[in-house]
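Participant: Please find query.txt (compact mmCIF, C-alpha atoms) on the next line:
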# COMPACT_ATOMS: atom_id res chain seq x y z
CA MET E 21 0.00 0.00 0.00
CA PHE E 22 1.69 3.20 -1.13
CA ALA E 23 1.01 6.90 -1.15
CA LEU E 24 2.81 9.86 -2.63
CA LEU E 25 5.42 10.96 -0.09
CA LEU E 26 6.45 14.57 -0.37
CA LEU E 27 10.18 15.27 -0.34
CA SER E 28 9.84 17.67 2.56
CA LEU E 29 8.17 14.92 4.61
CA LEU E 30 10.89 12.35 4.03
CA THR E 31 12.86 14.26 6.64
CA ILE E 32 10.09 13.70 9.17
CA SER E 33 10.04 9.97 8.45
CA SER E 34 13.79 9.81 8.89
CA VAL E 35 13.74 11.75 12.16
CA LEU E 36 11.05 9.56 13.67
CA GLY E 37 12.47 6.33 12.34
CA VAL E 38 9.47 5.75 10.10
CA PRO E 39 10.40 3.54 7.13
CA PRO E 40 9.85 5.72 4.03
CA LEU E 41 7.34 4.45 1.46
CA GLU E 42 6.35 1.46 3.57
CA GLY E 43 2.82 2.44 4.58
CA PRO E 44 -0.23 4.29 3.34
CA TYR E 45 0.61 7.55 5.07
CA LEU E 46 1.82 10.99 4.28
CA PRO E 47 2.86 12.01 7.82
CA GLY E 48 2.25 15.55 9.00
CA GLY E 49 -0.54 15.98 6.50
CA ARG E 50 -2.32 19.16 5.48
CA ILE E 51 -5.67 20.58 4.40
CA VAL E 52 -6.55 21.02 0.70
CA GLY E 53 -9.28 23.40 -0.45
CA GLY E 54 -9.80 24.95 2.96
CA GLU E 55 -9.50 28.39 4.51
CA ASP E 56 -7.83 30.11 7.45
CA ALA E 57 -9.36 29.18 10.79
CA ASP E 58 -9.46 30.65 14.30
CA ILE E 59 -8.41 28.22 17.04
CA ALA E 60 -11.22 29.65 19.19
CA ASP E 61 -13.64 27.86 16.87
CA TYR E 62 -11.68 24.58 17.03
CA PRO E 63 -10.21 24.67 20.55
CA TYR E 64 -9.63 20.91 20.69
CA GLN E 65 -7.02 21.07 17.91
CA LEU E 66 -3.43 20.57 19.04
CA CYS E 67 -0.20 20.85 17.09
CA LEU E 68 2.21 17.97 17.73
CA ILE E 69 5.85 19.11 17.69
CA PHE E 70 9.02 17.07 17.38
CA GLU E 71 11.92 18.54 19.33
CA ASP E 72 14.52 18.68 16.53
CA PHE E 73 12.17 19.25 13.62
CA GLY E 74 9.12 21.28 14.56
CA PRO E 75 5.39 20.80 13.88
CA PHE E 76 4.71 17.53 12.05
CA CYS E 77 1.30 16.14 13.06
CA GLY E 78 -1.98 17.12 14.62
CA ALA E 79 -3.51 15.89 17.86
CA ILE E 80 -6.84 16.18 19.66
CA LEU E 81 -7.44 17.30 23.23
CA ILE E 82 -9.87 14.85 24.87
CA ASP E 83 -9.03 15.60 28.50
CA GLU E 84 -7.01 18.27 30.29
CA GLU E 85 -4.05 15.86 30.36
CA TRP E 86 -4.80 13.52 27.45
CA ALA E 87 -4.65 13.81 23.68
CA LEU E 88 -5.35 11.51 20.75
CA THR E 89 -3.25 11.27 17.61
CA ALA E 90 -2.46 8.75 14.89
CA ALA E 91 -0.18 5.83 15.75
CA HIS E 92 1.98 6.48 12.72
CA CYS E 93 2.75 9.92 14.18
CA THR E 94 4.30 8.29 17.26
CA LEU E 95 6.02 5.36 15.55
CA ASP E 96 9.50 5.02 17.11
CA ALA E 97 9.12 8.42 18.77
CA GLU E 98 10.03 8.98 22.43
CA ALA E 99 7.80 11.04 24.71
CA ASN E 100 10.64 13.32 25.82
CA ASN E 101 11.04 14.51 22.22
CA LEU E 102 7.40 15.54 21.80
CA THR E 103 5.38 18.56 22.87
CA VAL E 104 1.94 19.86 21.94
CA ARG E 105 0.93 23.46 21.28
CA ALA E 106 -2.57 24.30 22.49
CA GLY E 107 -4.74 27.37 22.09
CA SER E 108 -3.03 28.93 19.07
CA SER E 109 -4.09 29.31 15.45
CA LEU E 110 -0.38 29.33 14.57
CA SER E 111 1.71 26.17 14.43
CA THR E 112 4.95 27.83 15.58
CA SER E 113 3.97 30.44 18.13
CA GLY E 114 1.42 31.43 20.76
CA GLY E 115 -0.76 29.37 23.02
CA GLN E 116 0.63 26.91 25.57
CA LEU E 117 3.41 24.37 25.05
CA VAL E 118 2.98 21.16 27.04
CA ASN E 119 5.43 18.28 27.15
CA VAL E 120 4.30 14.74 26.37
CA GLU E 121 4.90 12.48 29.38
CA LYS E 122 3.93 9.09 27.94
CA ILE E 123 2.96 7.60 24.58
CA TYR E 124 0.42 4.80 24.51
CA GLN E 125 0.50 3.52 20.94
CA HIS E 126 -2.07 0.86 20.11
CA LYS E 127 -0.28 -2.49 20.27
CA GLY E 128 -2.24 -3.73 17.27
CA PHE E 129 -1.07 -0.92 15.00
CA ASN E 130 0.03 -2.20 11.60
CA TYR E 131 2.02 0.31 9.58
CA ASP E 132 1.45 -1.50 6.27
CA THR E 133 -2.35 -1.67 6.56
CA ALA E 134 -3.04 1.32 8.85
CA GLU E 135 -5.12 -0.91 11.11
CA ASN E 136 -5.44 0.49 14.67
CA ASP E 137 -3.88 3.81 13.72
CA ILE E 138 -4.37 5.46 17.10
CA SER E 139 -2.19 6.62 19.99
CA LEU E 140 -2.96 8.23 23.33
CA LEU E 141 -0.64 10.92 24.66
CA LYS E 142 -0.42 11.52 28.41
CA LEU E 143 0.56 15.15 28.88
CA ALA E 144 3.01 16.22 31.56
CA SER E 145 0.68 18.96 32.79
CA LYS E 146 -2.85 20.20 32.26
CA VAL E 147 -3.78 22.35 29.28
CA THR E 148 -5.09 25.54 30.83
CA VAL E 149 -4.64 28.18 28.12
CA ALA E 150 -7.57 30.18 26.78
CA ASN E 151 -8.95 29.02 23.43
CA SER E 152 -8.28 25.41 24.34
CA LYS E 153 -11.05 23.01 25.26
CA VAL E 154 -11.57 19.25 25.34
CA ILE E 155 -13.90 17.57 22.88
CA ALA E 156 -16.17 14.58 23.48
CA LEU E 157 -15.71 11.27 21.64
CA ALA E 158 -18.29 9.92 19.21
CA THR E 159 -20.03 6.75 20.34
CA SER E 160 -20.83 5.50 16.84
CA LYS E 161 -19.43 5.70 13.33
CA PRO E 162 -20.70 8.78 11.49
CA LYS E 163 -23.37 8.24 8.87
CA ALA E 164 -22.92 8.75 5.14
CA ASN E 165 -23.50 12.34 3.96
CA GLU E 166 -23.13 13.87 7.41
CA THR E 167 -21.00 16.99 7.28
CA ALA E 168 -17.52 16.53 8.73
CA THR E 169 -15.09 19.27 9.71
CA ILE E 170 -11.35 18.62 9.40
CA THR E 171 -8.59 20.95 10.57
CA GLY E 172 -4.81 21.08 10.37
CA TRP E 173 -1.72 23.06 9.39
CA GLY E 174 0.36 22.92 6.23
CA ILE E 175 0.51 22.41 2.50
CA THR E 176 -2.59 22.90 0.40
CA ASP E 177 -1.54 20.79 -2.58
CA GLU E 178 -0.03 17.30 -2.65
CA LEU E 179 2.81 18.49 -4.92
CA ASP E 180 3.78 21.40 -2.67
CA GLU E 181 7.15 20.66 -1.07
CA SER E 182 6.89 23.42 1.54
CA MET E 183 5.68 22.86 5.08
CA GLY E 184 2.59 24.90 4.29
CA PRO E 185 0.83 27.89 5.87
CA GLU E 186 1.41 28.59 9.53
CA VAL E 187 -2.25 29.44 10.11
CA LEU E 188 -4.69 26.67 10.99
CA GLN E 189 -6.79 25.52 8.02
CA VAL E 190 -10.34 24.14 8.01
CA VAL E 191 -12.48 22.43 5.41
CA GLN E 192 -15.84 20.65 5.47
CA VAL E 193 -16.46 17.42 3.58
CA PRO E 194 -19.22 14.82 3.61
CA VAL E 195 -18.78 11.45 5.27
CA ALA E 196 -18.63 8.88 2.48
CA ASP E 197 -20.74 5.78 2.09
CA GLN E 198 -18.70 2.81 3.30
CA GLU E 199 -19.11 1.03 -0.03
CA ASP E 200 -17.68 4.06 -1.87
CA CYS E 201 -14.87 4.07 0.67
CA LYS E 202 -14.03 0.47 -0.16
CA LYS E 203 -14.31 1.14 -3.91
CA ALA E 204 -11.80 3.97 -3.61
CA PHE E 205 -9.26 1.64 -2.03
CA ILE E 206 -9.91 -1.81 -3.52
CA VAL E 207 -6.20 -2.62 -3.65
CA GLU E 208 -5.20 -1.03 -0.33
CA GLY E 209 -8.17 -2.23 1.71
CA VAL E 210 -10.42 -0.44 4.21
CA THR E 211 -11.55 -2.16 7.42
CA ASP E 212 -14.57 -1.63 9.67
CA THR E 213 -12.46 0.41 12.10
CA MET E 214 -11.93 3.01 9.36
CA PHE E 215 -14.24 5.28 7.41
CA CYS E 216 -13.83 7.77 4.58
CA ALA E 217 -14.81 11.37 3.99
CA GLY E 218 -14.58 13.61 0.94
CA PHE E 219 -16.15 14.29 -2.43
CA PHE E 220 -15.93 10.96 -4.27
CA ASN E 221 -15.67 11.38 -8.05
CA VAL E 222 -15.27 15.13 -7.49
CA GLY E 223 -12.25 15.78 -5.27
CA GLY E 224 -10.90 19.25 -4.53
CA LYS E 225 -11.29 19.26 -0.74
CA ASP E 226 -9.49 16.89 1.57
CA ALA E 227 -6.94 16.34 4.27
CA CYS E 228 -3.58 16.06 2.51
CA THR E 229 -0.87 13.56 3.31
CA GLY E 230 -3.34 12.21 5.91
CA ASP E 231 -3.34 15.45 7.93
CA SER E 232 -1.95 12.99 10.39
CA GLY E 233 -3.39 12.72 13.86
CA GLY E 234 -5.80 15.62 13.47
CA PRO E 235 -9.54 15.62 14.18
CA LEU E 236 -12.56 14.93 12.03
CA VAL E 237 -15.59 16.33 13.86
CA VAL E 238 -19.26 15.58 13.23
CA GLU E 239 -22.07 17.19 15.24
CA GLY E 240 -19.67 18.55 17.85
CA VAL E 241 -17.86 15.29 18.68
CA VAL E 242 -14.61 13.86 17.34
CA ALA E 243 -15.55 10.93 15.11
CA GLY E 244 -12.27 10.33 13.31
CA ILE E 245 -8.51 10.69 13.46
CA THR E 246 -6.97 11.61 10.13
CA SER E 247 -5.06 8.52 9.07
CA TRP E 248 -4.19 7.97 5.40
CA SER E 249 -5.01 8.33 1.73
CA LYS E 250 -3.40 8.07 -1.67
CA GLY E 251 -2.60 11.55 -2.90
CA CYS E 252 -4.71 14.51 -1.82
CA ALA E 253 -8.19 15.60 -2.95
CA ARG E 254 -8.08 13.33 -6.01
CA PRO E 255 -11.50 12.61 -7.58
CA ASP E 256 -11.09 8.83 -7.39
CA ARG E 257 -9.87 8.82 -3.78
CA LEU E 258 -11.09 9.83 -0.33
CA GLY E 259 -9.52 10.62 3.01
CA VAL E 260 -9.43 7.66 5.39
CA TYR E 261 -9.97 8.13 9.12
CA THR E 262 -9.59 5.98 12.21
CA ASN E 263 -13.08 5.39 13.59
CA VAL E 264 -12.85 6.71 17.15
CA ALA E 265 -15.98 4.86 18.28
CA SER E 266 -14.23 1.54 17.60
CA PHE E 267 -11.63 2.38 20.24
CA LEU E 268 -13.66 3.77 23.13
CA ASP E 269 -12.94 0.77 25.37
CA TRP E 270 -9.24 0.87 24.52
CA ILE E 271 -9.07 4.59 25.28
CA GLU E 272 -10.79 4.19 28.65
CA GLU E 273 -8.77 1.12 29.62
CA THR E 274 -5.52 2.82 28.66
CA LYS E 275 -6.31 5.94 30.66
CA ASN E 276 -7.31 3.85 33.68
CA SER E 277 -4.11 1.79 33.46
CA ASP E 278 -2.10 4.97 33.96
CA GLN E 279 -3.60 5.63 37.39
Translate the structure of the given file into structure tokens.

Facilitator:
Amino acid sequence: MFALLLLSLLTISSVLGVPPLEGPYLPGGRIVGGEDADIADYPYQLCLIFEDFGPFCGAILIDEEWALTAAHCTLDAEANNLTVRAGSSLSTSGGQLVNVEKIYQHKGFNYDTAENDISLLKLASKVTVANSKVIALATSKPKANETATITGWGITDELDESMGPEVLQVVQVPVADQEDCKKAFIVEGVTDTMFCAGFFNVGGKDACTGDSGGPLVVEGVVAGITSWSKGCARPDRLGVYTNVASFLDWIEETKNSDQ
């Protein structure tokens, strides 16, 4: 299963020890077809920062001391090299920086298939900054045609080799029918713990390079974690998201095990 890997993102893979061109991801992904956003409207959005590189993935604040992200964002990473920025529309300044204390990567994560692409981050201290707020978790998979909101920082075209705009981007796309989702990825494969969103047979708006670890929100709850795709905003493809509702027990058990 392969996806176009931007040259500028090969550095990220190298830094984190991610084998280049070995999975379906484009780590540190970005929004295509969106617009500038104010963090006050999306206060659950976090920017995940690698110590020696900078912003490279998104994350989602689900508790004052806990965040969700994609497992491929934490692959081979160590907690003491990661921080999150909360409460800022900018990826490189403002808000509150909080160290990551522990990484709980799903033990069933498979880099080649993207199965179980979810990690929990235990933060070293509480997020208390203004314009930052936790978001509730969806209890079921979103339905086809529901409007989904995705947010993130970075490039707005899959061929752009820059690290993208510093200002948070937002775009709305419909949740795709699961059969269309499977049709878009017949070769790669989509499981029941994943779902798709985007304009199938149209394209133009999407998370790019996975917009890794960032939130997909439906009706005020986080339903998906941006996981993978093939290219960005292509008419014959969709964005693929980890279905948060499939992992509610794992999230609760993991948090409780940290007590």

Participant: Nearest to Lys202 of chain E: which of E:Tyr124, E:Ile245, E:Leu188, E:Val260 is it, counting all atoms listed in the file?

Facilitator: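 Checking each of E:Tyr124, E:Ile245, E:Leu188, E:Val260 against Lys202 of chain E, counting all atoms listed in the file, the winner is E:Val260.
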
Participant: With a distance cut-off of 9 Å and all atoms listed in the file, select the neighbouring residues of Cys67 of chain E, excluding the residue or stretch itself and same-chain residues fewer than 4 positions from it, and output the selection as a list in words.

Facilitator: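 The filter keeps Pro75, Phe76, Cys77, Gly78, Ala79, Ile80, Thr103, Val104, Arg105, Ala106, Ser108, Leu110, Ser111, Thr112, Gly172, Trp173 and Gly234 of chain E.
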
Participant: How would the residues just picked look written out with C-alpha atoms as a PDB file, keeping the file's coordinate frame?

Facilitator:
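Heads up, here's the output in part-v2.pdb:
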ATOM      1  CA  PRO E  75       5.390  20.800  13.880  1.00  0.00           C
ATOM      2  CA  PHE E  76       4.710  17.530  12.050  1.00  0.00           C
ATOM      3  CA  CYS E  77       1.300  16.140  13.060  1.00  0.00           C
ATOM      4  CA  GLY E  78      -1.980  17.120  14.620  1.00  0.00           C
ATOM      5  CA  ALA E  79      -3.510  15.890  17.860  1.00  0.00           C
ATOM      6  CA  ILE E  80      -6.840  16.180  19.660  1.00  0.00           C
ATOM      7  CA  THR E 103       5.380  18.560  22.870  1.00  0.00           C
ATOM      8  CA  VAL E 104       1.940  19.860  21.940  1.00  0.00           C
ATOM      9  CA  ARG E 105       0.930  23.460  21.280  1.00  0.00           C
ATOM     10  CA  ALA E 106      -2.570  24.300  22.490  1.00  0.00           C
ATOM     11  CA  SER E 108      -3.030  28.930  19.070  1.00  0.00           C
ATOM     12  CA  LEU E 110      -0.380  29.330  14.570  1.00  0.00           C
ATOM     13  CA  SER E 111       1.710  26.170  14.430  1.00  0.00           C
ATOM     14  CA  THR E 112       4.950  27.830  15.580  1.00  0.00           C
ATOM     15  CA  GLY E 172      -4.810  21.080  10.370  1.00  0.00           C
ATOM     16  CA  TRP E 173      -1.720  23.060   9.390  1.00  0.00           C
ATOM     17  CA  GLY E 234      -5.800  15.620  13.470  1.00  0.00           C
TER      18      GLY E 234
END

Participant: Could you pull out every residue with an atom within 12 Å of (8.7, 18.5, 27.5), file coordinates, counting all atoms listed in the file, and send them as a list in words?

Facilitator: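 The residues that fall inside the cut-off are Leu68, Ile69, Phe70, Glu71, Glu98, Ala99, Asn100, Asn101, Leu102, Thr103, Val104, Arg105, Gln116, Leu117, Val118, Asn119, Val120, Glu121, Lys122, Lys142, Leu143, Ala144 and Ser145 of chain E.
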
Participant: Can you measure atom CA of Thr159 of chain E to atom CA of Gln198 of chain E for me? One decimal in Å is fine.

Facilitator: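 Value for the atom CA of Thr159 of chain E-atom CA of Gln198 of chain E distance: 17.5 Å.
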
Participant: Have a look at atom CA of Leu236 of chain E and atom CA of Ala168 of chain E and let me know their distance in Å, one decimal.

Facilitator: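 Taking atom CA of Leu236 of chain E as the start and atom CA of Ala168 of chain E as the end point, the length is 6.2 Å.
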
Participant: Which of these residues is nearest to Asp58 of chain E, using only C-alpha atoms: E:Ala97, E:Val187, E:Ala164, E:Gly128?

Facilitator: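 Looking at the shortest contact to Asp58 of chain E, the residue is E:Val187.
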
Participant: Interatomic distance between atom CA of Ile123 of chain E and atom CA of Ser139 of chain E?

Facilitator: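 So the two atoms, atom CA of Ile123 of chain E and atom CA of Ser139 of chain E, lie 7.0 Å apart.
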
Participant: Around (-12.0, 13.9, 18.5), as given in the file, which residues come within 7 Å? Count all atoms listed in the file and list them as a VMD selection string.

Facilitator: chain E and resid 80 82 155 to 157 235 to 237 241 to 245

Participant: Counting only C-alpha atoms, figure out which residue out of E:Gly233, E:Val193, E:Glu186, E:Tyr261 gets nearest to Phe215 of chain E.

Facilitator: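 The shortest atom-to-atom distance to Phe215 of chain E comes from E:Tyr261.
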
Participant: Counting all atoms listed in the file, which residue out of E:Val195, E:Ile271, E:Val238, E:Ala57 sits closest to Leu141 of chain E?

Facilitator: E:Ile271
